[in-house]
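What follows is the content of input_31.cif, which has mmCIF, C-alpha atoms, pLDDT in the B column; chains and numbers go by the auth columns:
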data_start
#
loop_
_atom_site.group_PDB
_atom_site.id
_atom_site.type_symbol
_atom_site.label_atom_id
_atom_site.label_comp_id
_atom_site.label_asym_id
_atom_site.label_seq_id
_atom_site.Cartn_x
_atom_site.Cartn_y
_atom_site.Cartn_z
_atom_site.B_iso_or_equiv
_atom_site.auth_seq_id
_atom_site.auth_asym_id
ATOM 1 C CA MET A 1 -11.068 -27.388 -12.002 48.00 1 A
ATOM 2 C CA PRO A 2 -10.832 -24.999 -15.022 45.00 2 A
ATOM 3 C CA ALA A 3 -14.079 -23.266 -13.994 46.00 3 A
ATOM 4 C CA HIS A 4 -12.555 -22.625 -10.572 45.00 4 A
ATOM 5 C CA HIS A 5 -9.587 -20.852 -12.206 43.00 5 A
ATOM 6 C CA ALA A 6 -11.886 -18.581 -14.215 41.00 6 A
ATOM 7 C CA VAL A 7 -13.456 -17.076 -11.081 39.00 7 A
ATOM 8 C CA PRO A 8 -10.367 -15.280 -9.692 39.00 8 A
ATOM 9 C CA LYS A 9 -9.494 -13.943 -13.173 39.00 9 A
ATOM 10 C CA ALA A 10 -12.990 -12.536 -13.645 39.00 10 A
ATOM 11 C CA THR A 11 -12.898 -11.015 -10.159 38.00 11 A
ATOM 12 C CA ALA A 12 -9.474 -9.483 -10.795 39.00 12 A
ATOM 13 C CA SER A 13 -10.493 -7.911 -14.091 37.00 13 A
ATOM 14 C CA LYS A 14 -13.760 -6.608 -12.625 37.00 14 A
ATOM 15 C CA SER A 15 -12.001 -4.943 -9.693 38.00 15 A
ATOM 16 C CA LYS A 16 -9.560 -3.178 -12.048 38.00 16 A
ATOM 17 C CA GLY A 17 -12.321 -1.720 -14.258 36.00 17 A
ATOM 18 C CA PRO A 18 -14.170 0.553 -11.792 38.00 18 A
ATOM 19 C CA ALA A 19 -10.950 1.658 -10.059 41.00 19 A
ATOM 20 C CA VAL A 20 -9.701 3.160 -13.316 44.00 20 A
ATOM 21 C CA ALA A 21 -13.084 4.620 -14.272 44.00 21 A
ATOM 22 C CA ALA A 22 -13.962 6.140 -10.899 66.00 22 A
ATOM 23 C CA LYS A 23 -11.158 8.615 -10.133 78.00 23 A
ATOM 24 C CA PRO A 24 -11.470 10.211 -6.695 87.00 24 A
ATOM 25 C CA THR A 25 -12.512 13.838 -6.562 92.00 25 A
ATOM 26 C CA LEU A 26 -9.624 16.249 -6.130 92.00 26 A
ATOM 27 C CA LEU A 27 -10.256 18.827 -3.423 92.00 27 A
ATOM 28 C CA ALA A 28 -8.584 22.229 -2.996 86.00 28 A
ATOM 29 C CA GLY A 29 -4.944 22.158 -4.057 90.00 29 A
ATOM 30 C CA GLY A 30 -5.403 18.788 -5.785 93.00 30 A
ATOM 31 C CA ASN A 31 -5.759 16.812 -2.552 94.00 31 A
ATOM 32 C CA PRO A 32 -7.524 13.487 -3.284 95.00 32 A
ATOM 33 C CA GLN A 33 -10.840 12.898 -1.521 94.00 33 A
ATOM 34 C CA ILE A 34 -10.632 9.378 -0.088 93.00 34 A
ATOM 35 C CA ALA A 35 -13.154 7.924 2.348 94.00 35 A
ATOM 36 C CA LYS A 36 -11.925 7.531 5.934 96.00 36 A
ATOM 37 C CA ALA A 37 -10.626 3.984 6.364 97.00 37 A
ATOM 38 C CA ASP A 38 -7.881 1.970 8.047 97.00 38 A
ATOM 39 C CA GLY A 39 -5.260 -0.059 6.222 97.00 39 A
ATOM 40 C CA ASP A 40 -2.975 0.053 3.211 98.00 40 A
ATOM 41 C CA ALA A 41 -5.709 0.026 0.503 97.00 41 A
ATOM 42 C CA PRO A 42 -7.095 3.539 1.181 98.00 42 A
ATOM 43 C CA VAL A 43 -3.532 4.909 1.432 98.00 43 A
ATOM 44 C CA GLN A 44 -2.658 3.330 -1.936 98.00 44 A
ATOM 45 C CA ALA A 45 -5.883 4.770 -3.433 97.00 45 A
ATOM 46 C CA TYR A 46 -4.880 8.218 -2.149 98.00 46 A
ATOM 47 C CA ILE A 47 -1.346 7.904 -3.576 98.00 47 A
ATOM 48 C CA ALA A 48 -2.673 6.719 -6.957 97.00 48 A
ATOM 49 C CA ALA A 49 -5.007 9.738 -7.077 97.00 49 A
ATOM 50 C CA MET A 50 -2.308 12.295 -6.209 97.00 50 A
ATOM 51 C CA PRO A 51 -1.982 14.510 -9.313 96.00 51 A
ATOM 52 C CA SER A 52 1.078 14.456 -11.628 95.00 52 A
ATOM 53 C CA TRP A 53 4.555 14.311 -9.987 97.00 53 A
ATOM 54 C CA LYS A 54 3.004 14.230 -6.501 97.00 54 A
ATOM 55 C CA SER A 55 1.952 10.587 -6.916 97.00 55 A
ATOM 56 C CA ASP A 56 5.621 9.598 -7.333 97.00 56 A
ATOM 57 C CA VAL A 57 6.492 11.550 -4.165 97.00 57 A
ATOM 58 C CA GLY A 58 3.651 9.744 -2.374 98.00 58 A
ATOM 59 C CA ARG A 59 4.927 6.328 -3.499 98.00 59 A
ATOM 60 C CA ARG A 60 8.478 7.187 -2.380 97.00 60 A
ATOM 61 C CA LEU A 61 7.284 8.451 1.017 98.00 61 A
ATOM 62 C CA ASP A 62 5.060 5.403 1.560 98.00 62 A
ATOM 63 C CA ALA A 63 7.887 2.992 0.630 98.00 63 A
ATOM 64 C CA LEU A 64 10.351 4.853 2.875 98.00 64 A
ATOM 65 C CA VAL A 65 7.986 4.730 5.877 98.00 65 A
ATOM 66 C CA MET A 66 7.270 1.017 5.304 98.00 66 A
ATOM 67 C CA ARG A 67 11.027 0.237 5.049 97.00 67 A
ATOM 68 C CA THR A 68 11.845 2.341 8.108 98.00 68 A
ATOM 69 C CA VAL A 69 8.995 1.202 10.381 98.00 69 A
ATOM 70 C CA PRO A 70 8.153 -2.469 9.734 94.00 70 A
ATOM 71 C CA GLY A 71 4.506 -3.180 10.545 95.00 71 A
ATOM 72 C CA VAL A 72 3.519 0.504 10.393 98.00 72 A
ATOM 73 C CA HIS A 73 -0.223 1.094 10.815 98.00 73 A
ATOM 74 C CA LYS A 74 -1.867 3.127 8.020 98.00 74 A
ATOM 75 C CA ALA A 75 -5.174 4.909 7.531 98.00 75 A
ATOM 76 C CA VAL A 76 -6.765 7.765 5.622 98.00 76 A
ATOM 77 C CA LYS A 77 -8.539 10.359 7.773 96.00 77 A
ATOM 78 C CA TRP A 78 -9.486 13.904 6.800 92.00 78 A
ATOM 79 C CA ASN A 79 -8.333 13.148 3.241 94.00 79 A
ATOM 80 C CA SER A 80 -4.759 12.554 4.430 97.00 80 A
ATOM 81 C CA PRO A 81 -2.791 9.310 4.738 98.00 81 A
ATOM 82 C CA LEU A 82 -1.647 8.760 8.318 98.00 82 A
ATOM 83 C CA TYR A 83 1.122 6.503 9.597 98.00 83 A
ATOM 84 C CA GLY A 84 1.343 5.240 13.152 98.00 84 A
ATOM 85 C CA ILE A 85 2.102 2.493 15.586 96.00 85 A
ATOM 86 C CA GLU A 86 -0.858 0.286 16.494 93.00 86 A
ATOM 87 C CA GLY A 87 -2.186 1.351 19.902 92.00 87 A
ATOM 88 C CA GLN A 88 0.230 4.315 20.166 93.00 88 A
ATOM 89 C CA GLY A 89 -1.285 6.843 17.770 96.00 89 A
ATOM 90 C CA TRP A 90 -0.125 8.560 14.581 98.00 90 A
ATOM 91 C CA PHE A 91 3.352 10.006 14.017 98.00 91 A
ATOM 92 C CA LEU A 92 3.157 11.248 10.407 98.00 92 A
ATOM 93 C CA GLY A 93 0.638 12.504 7.869 98.00 93 A
ATOM 94 C CA ILE A 94 0.736 13.523 4.198 98.00 94 A
ATOM 95 C CA HIS A 95 -1.371 16.191 2.481 97.00 95 A
ATOM 96 C CA VAL A 96 -1.368 17.491 -1.109 97.00 96 A
ATOM 97 C CA PHE A 97 -1.297 21.211 -1.848 97.00 97 A
ATOM 98 C CA THR A 98 -1.159 22.978 -5.215 96.00 98 A
ATOM 99 C CA LYS A 99 2.627 23.381 -5.377 97.00 99 A
ATOM 100 C CA TYR A 100 3.902 20.825 -2.852 98.00 100 A
ATOM 101 C CA VAL A 101 3.303 17.703 -0.776 98.00 101 A
ATOM 102 C CA LYS A 102 3.276 18.461 2.957 98.00 102 A
ATOM 103 C CA VAL A 103 4.680 15.860 5.335 98.00 103 A
ATOM 104 C CA ALA A 104 3.482 16.507 8.895 98.00 104 A
ATOM 105 C CA PHE A 105 5.458 15.157 11.847 98.00 105 A
ATOM 106 C CA PHE A 106 2.972 15.349 14.723 98.00 106 A
ATOM 107 C CA ARG A 107 5.770 15.446 17.351 97.00 107 A
ATOM 108 C CA GLY A 108 8.204 17.174 14.991 98.00 108 A
ATOM 109 C CA ALA A 109 9.464 19.695 17.558 98.00 109 A
ATOM 110 C CA SER A 110 11.112 16.743 19.340 98.00 110 A
ATOM 111 C CA LEU A 111 12.984 15.536 16.232 98.00 111 A
ATOM 112 C CA ARG A 112 16.678 16.274 15.654 97.00 112 A
ATOM 113 C CA PRO A 113 17.347 18.195 13.554 98.00 113 A
ATOM 114 C CA VAL A 114 13.911 19.805 13.756 97.00 114 A
ATOM 115 C CA PRO A 115 12.090 19.651 10.381 98.00 115 A
ATOM 116 C CA PRO A 116 12.058 23.119 8.751 96.00 116 A
ATOM 117 C CA GLY A 117 8.330 23.900 8.472 97.00 117 A
ATOM 118 C CA GLU A 118 6.726 25.580 11.477 96.00 118 A
ATOM 119 C CA SER A 119 3.124 25.045 12.561 96.00 119 A
ATOM 120 C CA LYS A 120 0.614 26.956 14.678 96.00 120 A
ATOM 121 C CA GLN A 121 0.690 23.855 16.919 95.00 121 A
ATOM 122 C CA LYS A 122 3.982 23.939 18.821 95.00 122 A
ATOM 123 C CA GLU A 123 4.597 20.167 18.631 97.00 123 A
ATOM 124 C CA VAL A 124 3.951 19.838 14.868 97.00 124 A
ATOM 125 C CA ARG A 125 6.645 20.416 12.232 98.00 125 A
ATOM 126 C CA TYR A 126 6.412 20.112 8.457 98.00 126 A
ATOM 127 C CA LEU A 127 8.534 19.185 5.487 98.00 127 A
ATOM 128 C CA ASP A 128 7.197 20.601 2.208 98.00 128 A
ATOM 129 C CA ILE A 129 8.327 18.682 -0.872 98.00 129 A
ATOM 130 C CA ARG A 130 8.153 20.629 -4.154 98.00 130 A
ATOM 131 C CA GLU A 131 8.404 19.207 -7.659 97.00 131 A
ATOM 132 C CA ASP A 132 12.119 19.833 -8.209 95.00 132 A
ATOM 133 C CA ASP A 133 13.265 19.173 -4.630 96.00 133 A
ATOM 134 C CA GLU A 134 15.937 16.564 -4.080 93.00 134 A
ATOM 135 C CA LEU A 135 14.463 14.229 -1.468 92.00 135 A
ATOM 136 C CA ASP A 136 17.014 13.612 1.306 95.00 136 A
ATOM 137 C CA GLU A 137 15.858 10.059 2.018 95.00 137 A
ATOM 138 C CA ALA A 138 18.512 9.482 4.712 97.00 138 A
ATOM 139 C CA GLN A 139 17.325 12.533 6.680 98.00 139 A
ATOM 140 C CA LEU A 140 13.685 11.635 6.085 98.00 140 A
ATOM 141 C CA ALA A 141 14.278 8.059 7.289 98.00 141 A
ATOM 142 C CA ALA A 142 16.033 9.405 10.414 98.00 142 A
ATOM 143 C CA TRP A 143 13.024 11.648 11.157 98.00 143 A
ATOM 144 C CA VAL A 144 10.582 8.782 10.531 98.00 144 A
ATOM 145 C CA THR A 145 12.555 6.502 12.874 98.00 145 A
ATOM 146 C CA GLN A 146 12.628 9.155 15.621 98.00 146 A
ATOM 147 C CA ALA A 147 8.958 10.076 15.102 98.00 147 A
ATOM 148 C CA SER A 148 7.829 6.433 15.278 98.00 148 A
ATOM 149 C CA GLN A 149 9.479 6.090 18.705 96.00 149 A
ATOM 150 C CA LEU A 150 7.660 9.090 20.235 96.00 150 A
ATOM 151 C CA PRO A 151 4.121 8.964 21.668 92.00 151 A
ATOM 152 C CA GLY A 152 1.742 9.263 18.724 92.00 152 A
ATOM 153 C CA GLU A 153 -1.105 11.679 18.141 90.00 153 A
ATOM 154 C CA ARG A 154 -4.606 10.357 18.912 87.00 154 A
ATOM 155 C CA MET A 155 -7.029 11.154 16.088 83.00 155 A
#

Could the structure of this file be written out as structure tokens, please?
Amino acid sequence: MPAHHAVPKATASKSKGPAVAAKPTLLAGGNPQIAKADGDAPVQAYIAAMPSWKSDVGRRLDALVMRTVPGVHKAVKWNSPLYGIEGQGWFLGIHVFTKYVKVAFFRGASLRPVPPGESKQKEVRYLDIREDDELDEAQLAAWVTQASQLPGERM
């Protein structure tokens, strides 16, 4: 019995070691380079690798989306965490830039009020979060709720 207990502990400590040692590469603007994968783990790896204050913003955004849309589907594609509804596509993405974290609402033009950041794609709208911005979580949650109910983007 005691030997059996030692195995999970050894596995747990081994898995922590390399994760700390092998930091993901930061691409242009400090965006973490995370391999394309589905699920929460790659999204958490991305958030952990977001530089400085941006990691806290990433954690807050991730928690808000999970609270607002129970059972949300997550993935990392094109070095960006994506949030969607299984079988319906993606409604939101996050990307790190030098001075801000960009939240992309893929059907943002249909949200009310419309998020402030314009895109070259007429359906897409952005919210840029800078270091000293006060995050309006009530407004963000309202946008996430609306976005999750619209047809998602296929990627």

Residue by residue, what does the PyMOL selection byres ((chain A and resi 129-143) around 7) grab here? Present the result as a VMD selection string. chain A and resid 53 64 68 99 to 102 111 127 to 128 144 to 147

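Shortest atom-to-atom contact with Gly71 in chain A among A:Glu118, A:Leu27, A:Asp40, A:Phe97: A:Asp40, counting only C-alpha atoms.
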
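Against this structure, the PyMOL selection byres ((chain A and resi 74) around 7) ends up with Asp38, Gly39, Asp40, Val72, His73, Ala75, Leu82, Tyr83 and Gly84 of chain A.
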
Check what the PyMOL selection byres ((chain A and resi 150) around 10) selects in the file above and give those residues as a PDB file with C-alpha atoms, keeping the file's coordinate frame.
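Saved as out.pdb:
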ATOM      1  CA  ILE A  85       2.102   2.493  15.586  1.00 96.00           C
ATOM      2  CA  GLN A  88       0.230   4.315  20.166  1.00 93.00           C
ATOM      3  CA  GLY A  89      -1.285   6.843  17.770  1.00 96.00           C
ATOM      4  CA  TRP A  90      -0.125   8.560  14.581  1.00 98.00           C
ATOM      5  CA  PHE A  91       3.352  10.006  14.017  1.00 98.00           C
ATOM      6  CA  PHE A 106       2.972  15.349  14.723  1.00 98.00           C
ATOM      7  CA  ARG A 107       5.770  15.446  17.351  1.00 97.00           C
ATOM      8  CA  GLY A 108       8.204  17.174  14.991  1.00 98.00           C
ATOM      9  CA  SER A 110      11.112  16.743  19.340  1.00 98.00           C
ATOM     10  CA  LEU A 111      12.984  15.536  16.232  1.00 98.00           C
ATOM     11  CA  THR A 145      12.555   6.502  12.874  1.00 98.00           C
ATOM     12  CA  GLN A 146      12.628   9.155  15.621  1.00 98.00           C
ATOM     13  CA  ALA A 147       8.958  10.076  15.102  1.00 98.00           C
ATOM     14  CA  SER A 148       7.829   6.433  15.278  1.00 98.00           C
ATOM     15  CA  GLN A 149       9.479   6.090  18.705  1.00 96.00           C
ATOM     16  CA  PRO A 151       4.121   8.964  21.668  1.00 92.00           C
ATOM     17  CA  GLY A 152       1.742   9.263  18.724  1.00 92.00           C
ATOM     18  CA  GLU A 153      -1.105  11.679  18.141  1.00 90.00           C
TER      19      GLU A 153
END

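Relative to CA of Ala104 in chain A, CA of Lys122 in chain A is found at 12.4 Å.
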
Which polymer residues, whether protein, DNA or RNA, lie within 6 Å of the coordinate (-1.7, 18.6, -2.9) when you count only C-alpha atoms? List them as a ChimeraX atom specification, using the chain letters and numbers from the file. /A:29-31,95-98,101

Among the residues A:Ile34, A:Ala28, A:Val65, A:Ala41, the one that comes closest to Ser80 in chain A [using only C-alpha atoms]: A:Ile34

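Minimum atom-to-atom distance to Lys77 in chain A, evaluated using only C-alpha atoms, belongs to A:Ala37 out of A:Leu26, A:Ala37, A:Ala45, A:Val124.
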
Figure out the distance between CA of Tyr46 in chain A and CA of Asn79 in chain A, please, to one decimal in Å.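 Separation of CA of Asn79 in chain A and CA of Tyr46 in chain A: 8.1 Å.
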
Can you tell me how far CA of Ala109 in chain A sits from CA of Arg125 in chain A, in Å to one decimal?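 These two atoms are separated by 6.1 Å.
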
Show me, as a PyMOL selection string, the residues that have an atom within 9 Å of Asp56 in chain A when counting all atoms listed in the file, minus same-chain residues fewer than 6 positions from it. chain A and resi 47-48+50

Can you pull out every residue within 8 Å of Pro24 in chain A, counting all atoms listed in the file, but drop anything in the same chain fewer than 3 positions away, and send it as a PyMOL selection string? chain A and resi 32-34+49

When you get a chance, write out N, CA and C atoms for range 55-76 of chain A, as a PDB file, in the coordinates of the input.
ATOM      1  N   SER A  55       2.200  12.008  -7.130  1.00 97.00           N
ATOM      2  CA  SER A  55       1.952  10.587  -6.916  1.00 97.00           C
ATOM      3  C   SER A  55       3.271   9.838  -6.720  1.00 97.00           C
ATOM      4  N   ASP A  56       4.305  10.209  -7.484  1.00 97.00           N
ATOM      5  CA  ASP A  56       5.621   9.598  -7.333  1.00 97.00           C
ATOM      6  C   ASP A  56       6.193   9.913  -5.948  1.00 97.00           C
ATOM      7  N   VAL A  57       6.043  11.164  -5.507  1.00 97.00           N
ATOM      8  CA  VAL A  57       6.492  11.550  -4.165  1.00 97.00           C
ATOM      9  C   VAL A  57       5.750  10.708  -3.124  1.00 97.00           C
ATOM     10  N   GLY A  58       4.450  10.554  -3.299  1.00 98.00           N
ATOM     11  CA  GLY A  58       3.651   9.744  -2.374  1.00 98.00           C
ATOM     12  C   GLY A  58       4.130   8.307  -2.304  1.00 98.00           C
ATOM     13  N   ARG A  59       4.416   7.709  -3.470  1.00 98.00           N
ATOM     14  CA  ARG A  59       4.927   6.328  -3.499  1.00 98.00           C
ATOM     15  C   ARG A  59       6.270   6.232  -2.784  1.00 98.00           C
ATOM     16  N   ARG A  60       7.155   7.200  -3.023  1.00 97.00           N
ATOM     17  CA  ARG A  60       8.478   7.187  -2.380  1.00 97.00           C
ATOM     18  C   ARG A  60       8.355   7.341  -0.867  1.00 97.00           C
ATOM     19  N   LEU A  61       7.485   8.251  -0.423  1.00 98.00           N
ATOM     20  CA  LEU A  61       7.284   8.451   1.017  1.00 98.00           C
ATOM     21  C   LEU A  61       6.721   7.186   1.664  1.00 98.00           C
ATOM     22  N   ASP A  62       5.701   6.605   1.027  1.00 98.00           N
ATOM     23  CA  ASP A  62       5.060   5.403   1.560  1.00 98.00           C
ATOM     24  C   ASP A  62       6.077   4.263   1.672  1.00 98.00           C
ATOM     25  N   ALA A  63       6.877   4.063   0.623  1.00 98.00           N
ATOM     26  CA  ALA A  63       7.887   2.992   0.630  1.00 98.00           C
ATOM     27  C   ALA A  63       8.934   3.246   1.712  1.00 98.00           C
ATOM     28  N   LEU A  64       9.345   4.507   1.863  1.00 98.00           N
ATOM     29  CA  LEU A  64      10.351   4.853   2.875  1.00 98.00           C
ATOM     30  C   LEU A  64       9.814   4.571   4.284  1.00 98.00           C
ATOM     31  N   VAL A  65       8.565   4.969   4.545  1.00 98.00           N
ATOM     32  CA  VAL A  65       7.986   4.730   5.877  1.00 98.00           C
ATOM     33  C   VAL A  65       7.868   3.225   6.127  1.00 98.00           C
ATOM     34  N   MET A  66       7.431   2.466   5.121  1.00 98.00           N
ATOM     35  CA  MET A  66       7.270   1.017   5.304  1.00 98.00           C
ATOM     36  C   MET A  66       8.625   0.330   5.534  1.00 98.00           C
ATOM     37  N   ARG A  67       9.671   0.788   4.840  1.00 97.00           N
ATOM     38  CA  ARG A  67      11.027   0.237   5.049  1.00 97.00           C
ATOM     39  C   ARG A  67      11.550   0.589   6.435  1.00 97.00           C
ATOM     40  N   THR A  68      11.274   1.814   6.873  1.00 98.00           N
ATOM     41  CA  THR A  68      11.845   2.341   8.108  1.00 98.00           C
ATOM     42  C   THR A  68      11.123   1.822   9.352  1.00 98.00           C
ATOM     43  N   VAL A  69       9.808   1.629   9.238  1.00 98.00           N
ATOM     44  CA  VAL A  69       8.995   1.202  10.381  1.00 98.00           C
ATOM     45  C   VAL A  69       8.213  -0.061   9.991  1.00 98.00           C
ATOM     46  N   PRO A  70       8.857  -1.226  10.092  1.00 94.00           N
ATOM     47  CA  PRO A  70       8.153  -2.469   9.734  1.00 94.00           C
ATOM     48  C   PRO A  70       6.855  -2.607  10.539  1.00 94.00           C
ATOM     49  N   GLY A  71       5.782  -3.000   9.871  1.00 95.00           N
ATOM     50  CA  GLY A  71       4.506  -3.180  10.545  1.00 95.00           C
ATOM     51  C   GLY A  71       3.773  -1.878  10.839  1.00 95.00           C
ATOM     52  N   VAL A  72       4.169  -0.793  10.171  1.00 98.00           N
ATOM     53  CA  VAL A  72       3.519   0.504  10.393  1.00 98.00           C
ATOM     54  C   VAL A  72       2.016   0.388  10.137  1.00 98.00           C
ATOM     55  N   HIS A  73       1.240   1.066  10.949  1.00 98.00           N
ATOM     56  CA  HIS A  73      -0.223   1.094  10.815  1.00 98.00           C
ATOM     57  C   HIS A  73      -0.585   2.276   9.925  1.00 98.00           C
ATOM     58  N   LYS A  74      -1.494   2.062   8.960  1.00 98.00           N
ATOM     59  CA  LYS A  74      -1.867   3.127   8.020  1.00 98.00           C
ATOM     60  C   LYS A  74      -3.370   3.352   8.026  1.00 98.00           C
ATOM     61  N   ALA A  75      -3.755   4.578   7.695  1.00 98.00           N
ATOM     62  CA  ALA A  75      -5.174   4.909   7.531  1.00 98.00           C
ATOM     63  C   ALA A  75      -5.262   6.186   6.709  1.00 98.00           C
ATOM     64  N   VAL A  76      -6.466   6.454   6.202  1.00 98.00           N
ATOM     65  CA  VAL A  76      -6.765   7.765   5.622  1.00 98.00           C
ATOM     66  C   VAL A  76      -7.845   8.379   6.493  1.00 98.00           C
TER      67      VAL A  76
END
